[in-house]
>>> print(open('entry.txt').read())   # compact mmCIF, C-alpha atoms
# COMPACT_ATOMS: atom_id res chain seq x y z
CA MET Z 1 -278.85 -41.14 51.56
CA LYS Z 2 -275.70 -41.79 49.61
CA SER Z 3 -276.34 -44.46 47.04
CA LEU Z 4 -274.13 -47.19 45.64
CA ALA Z 5 -275.03 -45.97 42.15
CA GLU Z 6 -272.25 -43.38 42.48
CA LEU Z 7 -269.84 -46.26 41.99
CA LYS Z 8 -270.47 -46.02 38.25
CA ALA Z 9 -268.14 -43.04 38.02
CA ILE Z 10 -265.43 -44.93 39.90
CA LYS Z 11 -265.88 -47.92 37.64
CA GLU Z 12 -265.11 -45.86 34.56
CA LYS Z 13 -262.10 -44.31 36.24
CA MET Z 14 -260.82 -47.72 37.35
CA GLN Z 15 -261.10 -49.34 33.98
CA GLY Z 16 -257.71 -50.06 32.57
CA GLN Z 17 -256.12 -49.31 35.94
CA VAL Z 18 -256.75 -52.62 37.63
CA GLY Z 19 -253.90 -55.01 37.13
CA ILE Z 20 -251.19 -52.46 36.44
CA ARG Z 21 -249.89 -52.34 40.00
CA ASN Z 22 -246.36 -53.58 40.21
CA HIS Z 23 -246.17 -56.64 42.45
CA ASP Z 24 -242.57 -57.55 41.67
CA GLU Z 25 -240.98 -54.85 43.73
CA ALA Z 26 -239.50 -55.97 47.04
CA HIS Z 27 -242.02 -55.31 49.76
CA THR Z 28 -241.70 -54.05 53.28
CA ARG Z 29 -244.41 -55.64 55.38
CA VAL Z 30 -246.02 -53.80 58.28
CA VAL Z 31 -247.97 -56.13 60.52
CA VAL Z 32 -250.29 -54.93 63.28
CA GLY Z 33 -251.49 -57.31 66.01
CA MET Z 34 -255.28 -57.30 65.90
CA ALA Z 35 -256.34 -59.99 68.36
CA THR Z 36 -258.44 -59.25 71.46
CA CYS Z 37 -255.39 -57.91 73.30
CA GLY Z 38 -254.32 -55.60 70.46
CA ILE Z 39 -257.82 -54.29 69.80
CA ALA Z 40 -258.44 -53.62 73.50
CA ALA Z 41 -255.15 -51.70 73.72
CA GLY Z 42 -255.94 -49.48 70.72
CA ALA Z 43 -254.63 -51.26 67.63
CA ARG Z 44 -257.51 -50.17 65.38
CA PRO Z 45 -256.53 -46.47 65.14
CA VAL Z 46 -252.86 -47.48 64.86
CA LEU Z 47 -253.53 -49.71 61.85
CA GLN Z 48 -255.77 -47.09 60.33
CA THR Z 49 -253.18 -44.33 60.76
CA ILE Z 50 -250.43 -46.40 59.15
CA ALA Z 51 -252.66 -47.54 56.27
CA THR Z 52 -253.88 -44.01 55.55
CA LEU Z 53 -250.38 -42.51 55.63
CA VAL Z 54 -248.93 -45.26 53.43
CA GLN Z 55 -251.58 -44.42 50.87
CA GLU Z 56 -251.16 -40.64 51.21
CA LYS Z 57 -247.40 -40.81 50.89
CA ASN Z 58 -247.67 -43.07 47.84
CA LEU Z 59 -245.85 -45.91 49.54
CA SER Z 60 -248.47 -48.50 48.55
CA GLY Z 61 -246.18 -49.89 45.86
CA LYS Z 62 -243.49 -50.96 48.29
CA VAL Z 63 -245.19 -51.17 51.69
CA GLU Z 64 -247.85 -53.71 52.49
CA VAL Z 65 -249.92 -53.16 55.63
CA THR Z 66 -251.55 -56.25 57.11
CA GLN Z 67 -252.93 -57.56 60.37
CA THR Z 68 -252.18 -60.60 62.44
CA GLY Z 69 -253.43 -62.35 65.58
CA CYS Z 70 -251.94 -62.45 69.04
CA ILE Z 71 -248.15 -62.17 68.95
CA GLY Z 72 -247.85 -63.36 72.57
CA LEU Z 73 -246.74 -60.08 74.14
CA CYS Z 74 -250.21 -58.87 75.12
CA GLN Z 75 -248.92 -56.47 77.77
CA TYR Z 76 -246.96 -54.56 75.10
CA GLU Z 77 -249.85 -54.10 72.67
CA PRO Z 78 -250.52 -52.37 70.36
CA ILE Z 79 -247.59 -54.03 68.60
CA VAL Z 80 -246.39 -53.16 65.10
CA GLU Z 81 -243.84 -55.35 63.35
CA VAL Z 82 -241.90 -54.09 60.33
CA PHE Z 83 -240.40 -56.76 58.06
CA THR Z 84 -237.95 -55.33 55.54
CA PRO Z 85 -237.03 -57.08 52.26
CA ASP Z 86 -233.55 -57.89 53.64
CA GLY Z 87 -235.17 -60.24 56.17
CA GLU Z 88 -234.87 -57.94 59.17
CA LYS Z 89 -237.73 -57.55 61.66
CA VAL Z 90 -238.28 -54.61 63.97
CA THR Z 91 -240.92 -54.89 66.72
CA TYR Z 92 -242.44 -51.66 67.97
CA ILE Z 93 -244.46 -51.82 71.17
CA LYS Z 94 -247.11 -49.74 72.97
CA MET Z 95 -247.98 -47.89 69.79
CA ASP Z 96 -250.45 -45.06 69.45
CA GLU Z 97 -251.45 -42.83 66.54
CA GLY Z 98 -248.62 -40.34 67.14
CA LYS Z 99 -245.95 -43.01 67.37
CA ALA Z 100 -247.40 -44.74 64.32
CA ARG Z 101 -247.04 -41.50 62.37
CA GLU Z 102 -243.39 -41.28 63.41
CA ILE Z 103 -242.75 -44.88 62.33
CA VAL Z 104 -244.14 -44.09 58.87
CA ASP Z 105 -242.11 -40.88 58.51
CA LYS Z 106 -238.85 -42.24 59.85
CA HIS Z 107 -238.77 -46.00 59.29
CA LEU Z 108 -240.94 -46.47 56.20
CA VAL Z 109 -240.03 -43.28 54.34
CA ARG Z 110 -236.41 -42.73 55.40
CA GLY Z 111 -235.41 -46.20 56.57
CA VAL Z 112 -234.39 -45.03 60.03
CA ILE Z 113 -235.45 -47.31 62.89
CA VAL Z 114 -237.11 -45.46 65.78
CA SER Z 115 -235.16 -47.32 68.48
CA GLU Z 116 -236.92 -45.77 71.46
CA TYR Z 117 -240.21 -47.52 70.61
CA THR Z 118 -238.77 -50.94 69.91
CA VAL Z 119 -239.21 -53.93 72.19
CA GLY Z 120 -235.44 -53.98 72.63
CA ALA Z 121 -235.43 -50.50 74.17
CA SER Z 122 -238.02 -51.34 76.79
CA ASP Z 123 -237.28 -52.63 80.24
CA LEU Z 124 -239.04 -55.99 80.03
CA ASN Z 125 -239.18 -56.36 83.80
CA LYS Z 126 -241.26 -53.25 84.21
CA MET T 1 -263.07 -52.97 75.56
CA GLN T 2 -263.99 -49.30 75.67
CA GLU T 3 -266.35 -49.41 72.71
CA ILE T 4 -268.90 -51.95 71.49
CA SER T 5 -267.48 -51.44 67.99
CA LEU T 6 -264.19 -52.90 69.25
CA ASN T 7 -266.01 -55.98 70.59
CA ILE T 8 -267.60 -56.33 67.16
CA LEU T 9 -264.24 -56.10 65.37
CA ASP T 10 -262.80 -58.66 67.75
CA VAL T 11 -265.65 -61.16 67.44
CA ALA T 12 -265.79 -60.73 63.65
CA GLN T 13 -262.10 -61.73 63.50
CA ASN T 14 -263.27 -65.16 64.69
CA SER T 15 -265.47 -65.37 61.58
CA VAL T 16 -262.46 -64.45 59.43
CA LYS T 17 -260.42 -67.19 61.09
CA ALA T 18 -263.32 -69.62 60.60
CA LYS T 19 -262.77 -69.12 56.84
CA ALA T 20 -266.15 -67.51 56.26
CA THR T 21 -266.87 -66.23 52.75
CA LEU T 22 -269.81 -64.15 53.93
CA ILE T 23 -270.09 -62.20 57.17
CA GLU T 24 -273.31 -60.39 58.03
CA LEU T 25 -273.27 -57.71 60.68
CA ALA T 26 -276.41 -55.98 61.93
CA VAL T 27 -276.51 -53.19 64.51
CA GLU T 28 -279.99 -52.21 65.45
CA MET T 29 -281.24 -49.62 67.89
CA ASN T 30 -284.78 -49.24 69.11
CA THR T 31 -285.33 -46.17 71.25
CA ALA T 32 -288.93 -47.15 72.19
CA LYS T 33 -287.79 -50.54 73.46
CA ASP T 34 -284.59 -48.99 74.83
CA SER T 35 -282.58 -51.73 73.17
CA LEU T 36 -279.42 -52.08 71.10
CA SER T 37 -278.82 -55.37 69.38
CA VAL T 38 -275.78 -56.65 67.56
CA GLU T 39 -275.76 -59.73 65.37
CA ILE T 40 -272.68 -61.20 63.70
CA LYS T 41 -273.43 -64.11 61.42
CA ASP T 42 -270.94 -66.07 59.32
CA ASN T 43 -270.86 -69.08 57.03
CA GLY T 44 -267.53 -70.28 58.36
CA CYS T 45 -266.48 -73.68 59.63
CA GLY T 46 -268.68 -73.55 62.74
CA MET T 47 -268.16 -75.36 66.01
CA THR T 48 -269.20 -78.63 67.55
CA ALA T 49 -271.77 -78.56 70.37
CA GLU T 50 -268.98 -79.44 72.75
CA THR T 51 -266.79 -76.48 71.76
CA LEU T 52 -269.78 -74.15 71.69
CA GLU T 53 -270.50 -74.92 75.34
CA LYS T 54 -267.03 -73.78 76.30
CA VAL T 55 -266.52 -70.58 74.28
CA THR T 56 -268.17 -68.31 76.84
CA ASP T 57 -265.81 -69.65 79.49
CA PRO T 58 -262.96 -67.14 79.87
CA PHE T 59 -260.57 -69.96 80.68
CA PHE T 60 -261.17 -71.77 77.41
CA THR T 61 -259.10 -71.40 74.26
CA THR T 62 -258.71 -73.25 70.97
CA ARG T 63 -255.09 -72.21 70.78
CA ASP T 64 -252.53 -74.62 72.11
CA THR T 65 -249.45 -72.46 71.60
CA ARG T 66 -250.48 -70.27 74.51
CA LYS T 67 -253.55 -69.60 76.61
CA ILE T 68 -255.63 -66.90 74.96
CA GLY T 69 -259.26 -66.44 73.92
CA LEU T 70 -261.21 -63.79 75.79
CA GLY T 71 -263.14 -62.22 72.93
CA ILE T 72 -266.46 -63.99 73.41
CA PRO T 73 -266.48 -63.72 77.24
CA PHE T 74 -265.75 -59.97 76.96
CA PHE T 75 -268.65 -59.43 74.56
CA LYS T 76 -271.02 -61.49 76.71
CA GLU T 77 -270.06 -59.59 79.84
CA ALA T 78 -270.47 -56.23 78.06
CA ALA T 79 -274.04 -57.15 77.05
CA GLU T 80 -275.17 -58.84 80.24
CA SER T 81 -273.90 -56.06 82.48
CA THR T 82 -276.45 -53.74 80.81
CA GLY T 83 -279.44 -55.95 81.57
CA GLY T 84 -279.10 -57.40 78.08
CA ASN T 85 -278.63 -60.89 76.76
CA PHE T 86 -276.13 -62.93 74.81
CA GLY T 87 -276.46 -65.96 72.60
CA ILE T 88 -274.28 -67.95 70.26
CA THR T 89 -275.37 -70.72 67.92
CA SER T 90 -273.18 -72.73 65.62
CA GLU T 91 -273.18 -75.70 63.35
CA VAL T 92 -270.16 -77.42 61.88
CA ASN T 93 -269.69 -76.51 58.18
CA VAL T 94 -272.70 -74.18 58.28
CA GLY T 95 -271.53 -71.24 60.36
CA THR T 96 -271.84 -69.34 63.58
CA THR T 97 -274.18 -66.59 64.76
CA VAL T 98 -273.43 -64.38 67.74
CA LYS T 99 -276.18 -62.15 69.13
CA ALA T 100 -275.87 -59.60 71.89
CA GLY T 101 -278.61 -57.39 73.29
CA PHE T 102 -277.84 -54.27 75.33
CA GLY T 103 -279.93 -51.91 77.42
CA LEU T 104 -279.61 -48.79 75.24
CA SER T 105 -279.74 -46.24 78.07
CA HIS T 106 -278.12 -48.45 80.72
CA ILE T 107 -275.39 -46.59 82.58
CA ASP T 108 -272.94 -49.47 82.09
CA ARG T 109 -273.41 -49.72 78.33
CA ALA T 110 -270.21 -48.85 76.52
CA PRO T 111 -270.62 -46.38 73.65
CA LEU T 112 -270.93 -47.89 70.17
CA GLY T 113 -267.78 -45.99 69.26
CA ASP T 114 -266.32 -45.80 65.80
CA LEU T 115 -268.43 -48.49 64.21
CA ASN T 116 -267.63 -47.32 60.69
CA SER T 117 -263.96 -47.76 61.37
CA THR T 118 -264.64 -51.36 62.41
CA VAL T 119 -266.57 -52.02 59.21
CA GLU T 120 -263.86 -50.39 57.06
CA MET T 121 -261.18 -52.45 58.73
CA LEU T 122 -263.08 -55.67 58.08
CA VAL T 123 -263.86 -54.82 54.45
CA PHE T 124 -260.44 -53.40 53.51
CA TYR T 125 -258.33 -56.13 55.11
CA ASN T 126 -260.40 -59.16 54.15
CA THR T 127 -261.00 -58.51 50.48
CA HIS T 128 -261.73 -62.22 49.88
CA ILE T 129 -264.79 -62.08 52.16
CA ASP T 130 -268.20 -60.60 51.38
CA PHE T 131 -269.68 -58.34 54.02
CA VAL T 132 -273.23 -57.24 54.55
CA TYR T 133 -273.52 -54.49 57.13
CA ARG T 134 -276.89 -53.17 58.22
CA TYR T 135 -277.29 -50.21 60.55
CA SER T 136 -280.64 -49.13 61.84
CA VAL T 137 -282.15 -46.73 64.34
CA ASP T 138 -285.89 -47.19 64.83
CA SER T 139 -287.46 -47.22 61.35
CA GLU T 140 -284.47 -45.87 59.44
CA GLU T 141 -281.69 -48.06 58.11
CA PHE T 142 -279.04 -48.51 55.46
CA THR T 143 -277.07 -51.48 54.19
CA LEU T 144 -273.58 -51.84 52.79
CA ASP T 145 -273.23 -55.02 50.75
CA THR T 146 -269.81 -55.67 49.21
CA ARG T 147 -271.39 -58.12 46.73
CA GLU T 148 -273.44 -55.24 45.34
CA ILE T 149 -270.32 -53.07 45.11
CA ALA T 150 -268.39 -55.79 43.28
CA GLU T 151 -271.29 -56.21 40.87
CA LEU T 152 -271.60 -52.49 40.15
CA LEU T 153 -267.87 -52.21 39.57
CA GLU T 154 -268.08 -55.24 37.28
CA ILE T 155 -264.95 -56.77 38.75
CA THR T 156 -263.93 -60.39 38.54
CA PRO T 157 -263.04 -62.34 41.70
CA GLU T 158 -259.36 -61.98 40.74
CA GLN T 159 -259.65 -58.19 40.65
CA ARG T 160 -261.43 -58.02 44.00
CA ALA T 161 -258.42 -57.58 46.27
CA GLU T 162 -257.03 -54.78 44.17
CA ALA T 163 -260.37 -53.03 43.69
CA PHE T 164 -261.26 -53.06 47.39
CA SER T 165 -257.86 -51.69 48.32
CA SER T 166 -257.86 -48.95 45.68
CA PRO T 167 -258.03 -45.41 47.14
CA ASP T 168 -261.14 -44.54 45.08
CA VAL T 169 -263.20 -47.48 46.29
CA LYS T 170 -262.00 -47.09 49.89
CA GLU T 171 -262.87 -43.43 49.85
CA PHE T 172 -266.30 -44.20 48.44
CA ILE T 173 -267.03 -46.84 51.10
CA SER T 174 -265.86 -44.56 53.91
CA GLY T 175 -268.00 -41.72 52.57
CA PHE T 176 -270.99 -44.01 52.11
CA LEU T 177 -270.75 -45.24 55.71
CA LYS T 178 -270.21 -41.81 57.19
CA GLU T 179 -272.88 -39.98 55.26
CA ASN T 180 -275.58 -42.60 55.82
CA THR T 181 -274.75 -43.08 59.50
CA ASP T 182 -274.86 -39.31 60.09
CA GLU T 183 -278.17 -39.05 58.31
CA ILE T 184 -279.74 -41.74 60.48
CA ASN T 185 -278.13 -40.61 63.74
CA LYS T 186 -279.34 -36.99 63.31
CA GLY T 187 -276.73 -35.72 65.70
CA ARG T 188 -277.44 -38.39 68.31
CA ILE T 189 -274.50 -40.34 69.66
CA PHE T 190 -275.14 -43.96 70.58
>>> encode(input="entry.txt", output="structure tokens")
Amino acid sequence: MKSLAELKAIKEKMQGQVGIRNHDEAHTRVVVGMATCGIAAGARPVLQTIATLVQEKNLSGKVEVTQTGCIGLCQYEPIVEVFTPDGEKVTYIKMDEGKAREIVDKHLVRGVIVSEYTVGASDLNK
Amino acid sequence: MQEISLNILDVAQNSVKAKATLIELAVEMNTAKDSLSVEIKDNGCGMTAETLEKVTDPFFTTRDTRKIGLGIPFFKEAAESTGGNFGITSEVNVGTTVKAGFGLSHIDRAPLGDLNSTVEMLVFYNTHIDFVYRYSVDSEEFTLDTREIAELLEITPEQRAEAFSSPDVKEFISGFLKENTDEINKGRIF
């Protein structure tokens, strides 16, 4: 059994580190819908993929990944909304792990919106 | 919901919304009794007897912006369709407890799924809430208690959010969950 005692090593490593993160920088917010509709449609792996990649690509300083409730477009879940510091919002619909990876690489890293996955690109009558 | 772990994540979100400061989750399997039980207990705002009566009704919602609120009915249906049972108790300002019992080998029982991922999601995204997660199969069990982690790391309440979202602590928690679950499961998939 792995024991919590191993945290001692982490504690020493963390000392002096906590509190130095820069909070002043303008943040991009990535919000994943995690209500019943989102979860049932597969939002959990989507959120996890984005959060893991943001950490791996060292974007944690400028990208904040959070969750929200029902956005009201249940049939388009999983939904990911990207709020940029300039006040713009992009809504991506019917996400999966692969698409989430693309959003991180293109939108979050390079600032290029992946238009084909946005709510605007979908035929809403379908 | 394809996995019971997704029902758990969904129902636990209600505890988060109820402003709980402590959420206790227990998943217990008993192969001799052929049972799987899930308990989600919080110290949130609770519900009145009147509301409590209605939450298992799929056509009830507390939201007035739009008609939603299927989490509890889904969970109840998932349990009862396996010959199991479902119960919810609540008291205003004390908290709410949801219990679901499943027939472990029942053909209609959904797999537990990625339970660790559910626990990680709850712990990493609600750093202001304490979680106690207990997983057991027959006589073997392990517990993850975020209060214990905070104590061992000697962090103040103000440092909590940052500590629980630091890569080192996250990695430790993920490893702790995975290793201990694997050890108890012994290759079995529930």
>>> closest_atom_pairs(input="entry.txt", of="chain T", to="chain Z", cutoff="6 Å", atoms="all atoms listed in the file", output="tab-separated table")
residue	atom	partner	partner_atom	distance
T:Met1	CA	Z:Ala40	CA	5.1
T:Asp10	CA	Z:Thr36	CA	5.8
T:Gly71	CA	Z:Thr36	CA	5.8
T:Leu153	CA	Z:Lys11	CA	5.1
T:Phe176	CA	Z:Lys2	CA	5.8
T:Asn180	CA	Z:Met1	CA	5.6
>>> residues_around(input="entry.txt", residues="Leu36 in chain T", least_positions_apart="6", cutoff="7 Å", atoms="all atoms listed in the file", output="PDB file with C-alpha atoms, in the coordinates of the input")
ATOM      1  CA  GLU T  28    -279.990 -52.210  65.450  1.00  0.00           C
ATOM      2  CA  MET T  29    -281.240 -49.620  67.890  1.00  0.00           C
ATOM      3  CA  ASN T  30    -284.780 -49.240  69.110  1.00  0.00           C
ATOM      4  CA  GLY T 101    -278.610 -57.390  73.290  1.00  0.00           C
ATOM      5  CA  PHE T 102    -277.840 -54.270  75.330  1.00  0.00           C
ATOM      6  CA  GLY T 103    -279.930 -51.910  77.420  1.00  0.00           C
ATOM      7  CA  LEU T 104    -279.610 -48.790  75.240  1.00  0.00           C
TER       8      LEU T 104
END
>>> residues_near_point(input="entry.txt", point="(-264.3, -61.9, 51.7)", cutoff="8 Å", atoms="all atoms listed in the file", output="list in words")
Ala20, Thr21, Leu22, Ile23, Val123, Asn126, Thr127, His128, Ile129, Asp130 and Phe131 of chain T
>>> atom_distance(input="entry.txt", atom1="CA of Glu3 in chain T", atom2="CA of Leu112 in chain T")
5.5 Å
>>> residues_around(input="entry.txt", residues="Leu73 in chain Z", least_positions_apart="4", cutoff="10 Å", atoms="only C-alpha atoms", output="VMD selection string")
chain Z and resid 33 37 to 38 77 to 79 93 119
>>> closest_residue(input="entry.txt", among="Z:Ile113, Z:Ala51, Z:Asp105, Z:Lys89", to="Met121 in chain T", atoms="all atoms listed in the file")
Z:Ala51
>>> residues_near_point(input="entry.txt", point="(-287.3, -49.4, 68.0)", cutoff="10 Å", atoms="only C-alpha atoms", output="count of residues only")
14
>>> atom_distance(input="entry.txt", atom1="CA of Lys54 in chain T", atom2="CA of Phe74 in chain T")
13.9 Å
>>> atom_distance(input="entry.txt", atom1="CA of Val90 in chain Z", atom2="CA of Gln75 in chain Z")
17.5 Å
>>> residues_around(input="entry.txt", residues="range 45-47 of chain T", least_positions_apart="2", cutoff="12 Å", atoms="only C-alpha atoms", output="PyMOL selection string")
chain T and resi 14-22+41-43+49-55+62+88-98
>>> closest_residue(input="entry.txt", among="Z:Met95, Z:Val32, Z:Val80, Z:Val109", to="Asn58 in chain Z", atoms="only C-alpha atoms")
Z:Val109
>>> closest_residue(input="entry.txt", among="T:Asn116, T:Ser37, T:Glu171, T:Ala12", to="Glu80 in chain T", atoms="all atoms listed in the file")
T:Ser37
>>> axis_aligned_box(input="entry.txt", around="range 6-21 of chain T", padding_each_side="4 Å", output="AutoDock Vina command-line options")
--center_x -264.0 --center_y -61.3 --center_z 61.7 --size_x 15.2 --size_y 24.7 --size_z 25.8
>>> closest_residue(input="entry.txt", among="Z:Thr84, Z:Thr68, Z:Ser115, Z:Thr49", to="Ala26 in chain Z", atoms="all atoms listed in the file")
Z:Thr84
>>> closest_residue(input="entry.txt", among="Z:Tyr92, Z:Ala121, Z:Val54, Z:Ile103", to="Tyr76 in chain Z", atoms="all atoms listed in the file")
Z:Tyr92
>>> residues_around(input="entry.txt", residues="Glu120 in chain T", least_positions_apart="2", cutoff="10 Å", atoms="only C-alpha atoms", output="compact mmCIF listing (two decimals) with C-alpha atoms, in the frame of the given file")
# COMPACT_ATOMS: atom_id res chain seq x y z
CA GLN Z 48 -255.77 -47.09 60.33
CA LEU T 115 -268.43 -48.49 64.21
CA ASN T 116 -267.63 -47.32 60.69
CA SER T 117 -263.96 -47.76 61.37
CA THR T 118 -264.64 -51.36 62.41
CA LEU T 122 -263.08 -55.67 58.08
CA VAL T 123 -263.86 -54.82 54.45
CA PHE T 124 -260.44 -53.40 53.51
CA TYR T 125 -258.33 -56.13 55.11
CA ASN T 126 -260.40 -59.16 54.15
CA LYS T 170 -262.00 -47.09 49.89
CA ILE T 173 -267.03 -46.84 51.10
CA SER T 174 -265.86 -44.56 53.91
CA LEU T 177 -270.75 -45.24 55.71
>>> decode(input="entry.txt", residues="range 24-32 of chain T", atoms="all heavy atoms", output="short mmCIF file (atom, residue, chain, number, x, y, z; two decimals), in the first residue's frame")
data_model
loop_
_atom_site.label_atom_id
_atom_site.label_comp_id
_atom_site.auth_asym_id
_atom_site.auth_seq_id
_atom_site.Cartn_x
_atom_site.Cartn_y
_atom_site.Cartn_z
N GLU T 24 -17.83 13.10 2.05
CA GLU T 24 -17.31 11.76 2.28
C GLU T 24 -17.91 10.79 1.28
O GLU T 24 -19.13 10.70 1.14
CB GLU T 24 -17.67 11.31 3.70
CG GLU T 24 -16.93 12.11 4.77
CD GLU T 24 -17.53 11.91 6.13
OE1 GLU T 24 -17.15 10.95 6.82
OE2 GLU T 24 -18.42 12.71 6.50
N LEU T 25 -17.03 10.11 0.57
CA LEU T 25 -17.47 9.16 -0.44
C LEU T 25 -16.97 7.77 -0.07
O LEU T 25 -15.78 7.59 0.21
CB LEU T 25 -16.90 9.58 -1.82
CG LEU T 25 -16.94 8.54 -2.93
CD1 LEU T 25 -18.38 8.20 -3.32
CD2 LEU T 25 -16.18 9.05 -4.16
N ALA T 26 -17.86 6.81 -0.05
CA ALA T 26 -17.45 5.43 0.23
C ALA T 26 -17.98 4.50 -0.85
O ALA T 26 -19.16 4.56 -1.21
CB ALA T 26 -17.97 5.00 1.60
N VAL T 27 -17.09 3.71 -1.42
CA VAL T 27 -17.48 2.71 -2.42
C VAL T 27 -17.05 1.36 -1.86
O VAL T 27 -15.87 1.15 -1.57
CB VAL T 27 -16.79 2.97 -3.78
CG1 VAL T 27 -17.15 1.87 -4.78
CG2 VAL T 27 -17.21 4.34 -4.32
N GLU T 28 -18.02 0.50 -1.68
CA GLU T 28 -17.76 -0.74 -0.97
C GLU T 28 -18.30 -1.91 -1.77
O GLU T 28 -19.45 -1.92 -2.17
CB GLU T 28 -18.52 -0.66 0.35
CG GLU T 28 -17.78 -1.18 1.55
CD GLU T 28 -18.61 -0.95 2.80
OE1 GLU T 28 -18.64 0.20 3.27
OE2 GLU T 28 -19.25 -1.91 3.26
N MET T 29 -17.44 -2.91 -1.96
CA MET T 29 -17.91 -4.11 -2.65
C MET T 29 -17.80 -5.31 -1.74
O MET T 29 -16.83 -5.45 -1.01
CB MET T 29 -17.10 -4.32 -3.91
CG MET T 29 -17.69 -3.57 -5.08
SD MET T 29 -16.50 -3.16 -6.28
CE MET T 29 -15.57 -1.94 -5.44
N ASN T 30 -18.82 -6.15 -1.81
CA ASN T 30 -18.80 -7.37 -1.01
C ASN T 30 -19.15 -8.52 -1.94
O ASN T 30 -20.29 -8.65 -2.39
CB ASN T 30 -19.84 -7.24 0.12
CG ASN T 30 -19.74 -8.39 1.10
OD1 ASN T 30 -19.62 -9.54 0.69
ND2 ASN T 30 -19.78 -8.08 2.38
N THR T 31 -18.13 -9.32 -2.27
CA THR T 31 -18.35 -10.38 -3.25
C THR T 31 -19.24 -11.49 -2.68
O THR T 31 -20.02 -12.09 -3.40
CB THR T 31 -17.02 -10.96 -3.76
OG1 THR T 31 -16.22 -11.32 -2.63
CG2 THR T 31 -16.26 -9.96 -4.60
N ALA T 32 -19.13 -11.77 -1.36
CA ALA T 32 -19.96 -12.82 -0.75
C ALA T 32 -21.43 -12.43 -0.78
O ALA T 32 -22.31 -13.25 -1.05
CB ALA T 32 -19.51 -13.07 0.69
#
